[in-house]
Amino acid sequence: MRKLATLITSFSPNASVRYRLLAMALLPMLVILPLLLGISIYRWNARFDAVLTSKVHDDLTIARQYLGRIFENTEDYLVSSVNSARFQSIVQARGDQRGAMNDYLKDIAQARGFDFLYVIADDGTVIASEYQMAAAPRWNWPVISSALEGRARTAIDVFQSMELAAISPDLRKRAQIDIVTTAGSAPSTRTQETRGLVLQSATPVSLPSERKAALVGGMLLNQNLAFVDTINDLIYSGAGLPEGSRGTVTLFLDDVRISTNVRMFEGQRAIGTRVSAEVRDAVLDRGQTWLDGAFVVNDWYISAYEPIRDSYNRRVGMLYAGY
């Protein structure tokens, strides 16, 4: 009888009211708390993403500034070389001083890491060179034209395969990169990149004959690993990246990685791989700076890309930093 009374009491009107009041009290908490938790997580993720994006933007800024410093140092070095006592004594000496000038240019090139260095007159005649050129080089670049008009200038330019071969067959060979099929890249039938991305600088030279001339120096950036490794060390050495993260820097010619420390399988550098179609469209086609996540070869990276412009102000490549 007691059990029956207890059972009847549990279904009494008073018990039903208590359950209803309890449900009314708990229901807002069960709905509002998950909602507030979801909003908090979303806002925290948004702030975290903003911090990551801000960092990678700063990384790209450092890479750009370092590239700009290379421009300045290269130009200053050529100017100081022309103004040196040794150069001026060779220029002012009587008789044929081609051998002495060639030796001097060779010393400069070795000291500074130039892949080519020559003095050219305003009619395209090569007056002196660090080594014997295969053919007459192209000399109507804006950089050289500026120097012949009396103003030193430095820029990045794209050399065609034959233009590299005219300077040196070895330079042409070094520029060649096999293009690797890359997931997410724009469709293409190209199998090899034969052009070269060249940092080129020129400064005016005064000759006794009053002919206009210029000292021209250049460095091939294709597969120039020291270039990207130096920038990478500058940015990411001791940078306090999240555990398991790795900083990377890349130089692109068009959408092809020509120098990078991004790795593929077995630690091989991802030279010859291509950027994703989405990034290419934003950076190369529309000239925007990309600050977002991006698929890089075989993984997702917090990425920053910006276009590289040549001496004609054309978008010819990209500079990348990310982790």
# chains A, B, ... in the order shown; residues from 1 in each chain; ligands from 1
>>> residues_around(residues="range 116-121 of chain A", least_positions_apart="5", cutoff="9 Å", atoms="only C-alpha atoms", output="PyMOL selection string")
chain A and resi 102+105-106+108-109+126-131+139+144+148+167-168+205+211-220
>>> write_last_selection(atoms="C-alpha atoms", output="PDB file, in the first residue's frame")
ATOM      1  CA  ASN A 102      88.330  42.744 -67.267  1.00  0.00           C
ATOM      2  CA  LEU A 105      85.418  43.434 -63.040  1.00  0.00           C
ATOM      3  CA  LYS A 106      86.241  39.812 -62.290  1.00  0.00           C
ATOM      4  CA  ILE A 108      84.270  42.778 -58.170  1.00  0.00           C
ATOM      5  CA  ALA A 109      82.015  39.984 -59.397  1.00  0.00           C
ATOM      6  CA  VAL A 126      80.685  45.805 -74.664  1.00  0.00           C
ATOM      7  CA  ILE A 127      83.827  47.638 -73.567  1.00  0.00           C
ATOM      8  CA  ALA A 128      84.834  45.191 -70.843  1.00  0.00           C
ATOM      9  CA  SER A 129      83.417  42.121 -69.139  1.00  0.00           C
ATOM     10  CA  GLU A 130      84.357  39.808 -66.292  1.00  0.00           C
ATOM     11  CA  TYR A 131      84.412  36.926 -68.822  1.00  0.00           C
ATOM     12  CA  TRP A 139      71.211  46.474 -73.658  1.00  0.00           C
ATOM     13  CA  ILE A 144      70.652  50.345 -68.551  1.00  0.00           C
ATOM     14  CA  LEU A 148      73.284  55.803 -69.827  1.00  0.00           C
ATOM     15  CA  ILE A 167      75.690  36.359 -71.589  1.00  0.00           C
ATOM     16  CA  SER A 168      76.666  32.794 -70.733  1.00  0.00           C
ATOM     17  CA  VAL A 205      80.493  55.414 -66.302  1.00  0.00           C
ATOM     18  CA  ARG A 211      81.016  58.448 -74.803  1.00  0.00           C
ATOM     19  CA  LYS A 212      78.179  57.442 -72.552  1.00  0.00           C
ATOM     20  CA  ALA A 213      78.644  54.092 -70.871  1.00  0.00           C
ATOM     21  CA  ALA A 214      77.291  52.066 -67.968  1.00  0.00           C
ATOM     22  CA  LEU A 215      78.560  49.416 -65.571  1.00  0.00           C
ATOM     23  CA  VAL A 216      75.941  46.641 -65.498  1.00  0.00           C
ATOM     24  CA  GLY A 217      75.765  43.831 -62.962  1.00  0.00           C
ATOM     25  CA  GLY A 218      73.236  41.087 -62.373  1.00  0.00           C
ATOM     26  CA  MET A 219      72.415  38.095 -60.175  1.00  0.00           C
ATOM     27  CA  LEU A 220      70.264  35.176 -61.302  1.00  0.00           C
TER      28      LEU A 220
END
>>> residues_around(residues="range 195-198 of chain A", least_positions_apart="4", cutoff="8 Å", atoms="only C-alpha atoms", output="MDAnalysis selection string")
chainID A and resid 156:161 164 172 175:176 218:222 253
>>> write_last_selection(atoms="N, CA and C atoms", output="PDB file, in the first residue's frame")
ATOM      1  N   ILE A 156      64.306  44.200 -60.833  1.00  0.00           N
ATOM      2  CA  ILE A 156      64.229  42.783 -61.195  1.00  0.00           C
ATOM      3  C   ILE A 156      63.637  42.686 -62.589  1.00  0.00           C
ATOM      4  N   ASP A 157      64.266  41.902 -63.452  1.00  0.00           N
ATOM      5  CA  ASP A 157      63.771  41.715 -64.813  1.00  0.00           C
ATOM      6  C   ASP A 157      63.761  40.240 -65.174  1.00  0.00           C
ATOM      7  N   VAL A 158      62.926  39.906 -66.137  1.00  0.00           N
ATOM      8  CA  VAL A 158      62.833  38.533 -66.636  1.00  0.00           C
ATOM      9  C   VAL A 158      63.640  38.421 -67.924  1.00  0.00           C
ATOM     10  N   PHE A 159      64.645  37.569 -67.922  1.00  0.00           N
ATOM     11  CA  PHE A 159      65.476  37.332 -69.086  1.00  0.00           C
ATOM     12  C   PHE A 159      64.967  36.075 -69.799  1.00  0.00           C
ATOM     13  N   GLN A 160      64.757  36.187 -71.092  1.00  0.00           N
ATOM     14  CA  GLN A 160      64.423  35.027 -71.898  1.00  0.00           C
ATOM     15  C   GLN A 160      65.644  34.115 -72.006  1.00  0.00           C
ATOM     16  N   SER A 161      65.415  32.884 -72.409  1.00  0.00           N
ATOM     17  CA  SER A 161      66.489  31.901 -72.476  1.00  0.00           C
ATOM     18  C   SER A 161      67.630  32.374 -73.382  1.00  0.00           C
ATOM     19  N   LEU A 164      69.769  35.062 -71.746  1.00  0.00           N
ATOM     20  CA  LEU A 164      70.718  34.492 -70.796  1.00  0.00           C
ATOM     21  C   LEU A 164      71.880  33.825 -71.521  1.00  0.00           C
ATOM     22  N   ARG A 172      72.234  30.247 -68.755  1.00  0.00           N
ATOM     23  CA  ARG A 172      71.017  29.705 -69.357  1.00  0.00           C
ATOM     24  C   ARG A 172      70.677  28.338 -68.751  1.00  0.00           C
ATOM     25  N   ALA A 175      69.275  28.497 -65.141  1.00  0.00           N
ATOM     26  CA  ALA A 175      67.923  29.048 -65.021  1.00  0.00           C
ATOM     27  C   ALA A 175      66.848  28.002 -65.246  1.00  0.00           C
ATOM     28  N   GLN A 176      67.170  26.912 -65.919  1.00  0.00           N
ATOM     29  CA  GLN A 176      66.165  25.918 -66.300  1.00  0.00           C
ATOM     30  C   GLN A 176      65.644  25.154 -65.083  1.00  0.00           C
ATOM     31  N   GLY A 218      74.477  41.816 -62.613  1.00  0.00           N
ATOM     32  CA  GLY A 218      73.236  41.087 -62.373  1.00  0.00           C
ATOM     33  C   GLY A 218      73.453  39.801 -61.624  1.00  0.00           C
ATOM     34  N   MET A 219      72.406  39.363 -60.912  1.00  0.00           N
ATOM     35  CA  MET A 219      72.415  38.095 -60.175  1.00  0.00           C
ATOM     36  C   MET A 219      71.178  37.294 -60.553  1.00  0.00           C
ATOM     37  N   LEU A 220      71.373  36.060 -60.975  1.00  0.00           N
ATOM     38  CA  LEU A 220      70.264  35.176 -61.302  1.00  0.00           C
ATOM     39  C   LEU A 220      69.639  34.661 -60.003  1.00  0.00           C
ATOM     40  N   LEU A 221      68.318  34.812 -59.898  1.00  0.00           N
ATOM     41  CA  LEU A 221      67.614  34.403 -58.684  1.00  0.00           C
ATOM     42  C   LEU A 221      67.046  32.991 -58.776  1.00  0.00           C
ATOM     43  N   ASN A 222      66.983  32.423 -59.963  1.00  0.00           N
ATOM     44  CA  ASN A 222      66.537  31.034 -60.093  1.00  0.00           C
ATOM     45  C   ASN A 222      67.455  30.117 -59.296  1.00  0.00           C
ATOM     46  N   LEU A 253      58.710  33.033 -60.100  1.00  0.00           N
ATOM     47  CA  LEU A 253      58.705  33.608 -61.441  1.00  0.00           C
ATOM     48  C   LEU A 253      57.372  33.208 -62.052  1.00  0.00           C
TER      49      LEU A 253
END
>>> closest_residue(among="A:Asp292, A:Asp310, A:Asp123, A:Asp299", to="Lys55 in chain A", atoms="only C-alpha atoms")
A:Asp292
>>> atom_distance(atom1="CA of Thr182 in chain A", atom2="CA of Ser276 in chain A")
8.1 Å
>>> closest_residue(among="A:Tyr305, A:Tyr236, A:Tyr323, A:Phe114", to="Val283 in chain A", atoms="only C-alpha atoms")
A:Tyr305
>>> residues_around(residues="Thr191 in chain A", least_positions_apart="3", cutoff="10 Å", atoms="only C-alpha atoms", output="list in words")
Ile177, Asp178, Ile179, Val180, Thr181, Ser188, Thr194 and Gly272 of chain A
>>> select_by_dssp(residues="range 256-308 of chain A", states="strand (DSSP E or B)", output="list in words")
Val256, Arg257, Ile258, Ser259, Thr260, Arg263, Arg269, Arg274, Trp290, Leu291, Asp292, Gly293, Ala294, Phe295, Val296, Asp299, Trp300, Tyr301, Ile302, Ser303, Ala304, Tyr305, Glu306, Pro307 and Ile308 of chain A
>>> residues_around(residues="Gln223 in chain A", least_positions_apart="6", cutoff="8 Å", atoms="only C-alpha atoms", output="ChimeraX atom specification")
/A:174-175,258-260,271
>>> write_last_selection(atoms="N, CA, C and O atoms", output="PDB file, in the first residue's frame")
ATOM      1  N   ARG A 174      71.579  27.151 -65.788  1.00  0.00           N
ATOM      2  CA  ARG A 174      71.226  27.295 -64.374  1.00  0.00           C
ATOM      3  C   ARG A 174      69.794  27.771 -64.182  1.00  0.00           C
ATOM      4  O   ARG A 174      69.169  27.492 -63.159  1.00  0.00           O
ATOM      5  N   ALA A 175      69.275  28.497 -65.141  1.00  0.00           N
ATOM      6  CA  ALA A 175      67.923  29.048 -65.021  1.00  0.00           C
ATOM      7  C   ALA A 175      66.848  28.002 -65.246  1.00  0.00           C
ATOM      8  O   ALA A 175      65.707  28.170 -64.803  1.00  0.00           O
ATOM      9  N   ILE A 258      60.808  29.310 -57.971  1.00  0.00           N
ATOM     10  CA  ILE A 258      62.160  29.201 -58.529  1.00  0.00           C
ATOM     11  C   ILE A 258      63.219  29.171 -57.434  1.00  0.00           C
ATOM     12  O   ILE A 258      64.364  28.795 -57.684  1.00  0.00           O
ATOM     13  N   SER A 259      62.841  29.568 -56.220  1.00  0.00           N
ATOM     14  CA  SER A 259      63.745  29.484 -55.080  1.00  0.00           C
ATOM     15  C   SER A 259      62.897  29.432 -53.815  1.00  0.00           C
ATOM     16  O   SER A 259      62.079  30.326 -53.587  1.00  0.00           O
ATOM     17  N   THR A 260      63.070  28.401 -53.001  1.00  0.00           N
ATOM     18  CA  THR A 260      62.191  28.212 -51.854  1.00  0.00           C
ATOM     19  C   THR A 260      62.826  27.291 -50.826  1.00  0.00           C
ATOM     20  O   THR A 260      63.711  26.494 -51.156  1.00  0.00           O
ATOM     21  N   ILE A 271      61.132  23.339 -55.464  1.00  0.00           N
ATOM     22  CA  ILE A 271      61.429  24.153 -56.647  1.00  0.00           C
ATOM     23  C   ILE A 271      60.753  23.517 -57.866  1.00  0.00           C
ATOM     24  O   ILE A 271      60.841  22.311 -58.083  1.00  0.00           O
TER      25      ILE A 271
END
>>> residues_around(residues="Ser311 in chain A", least_positions_apart="6", cutoff="9 Å", atoms="only C-alpha atoms", output="count of residues only")
7
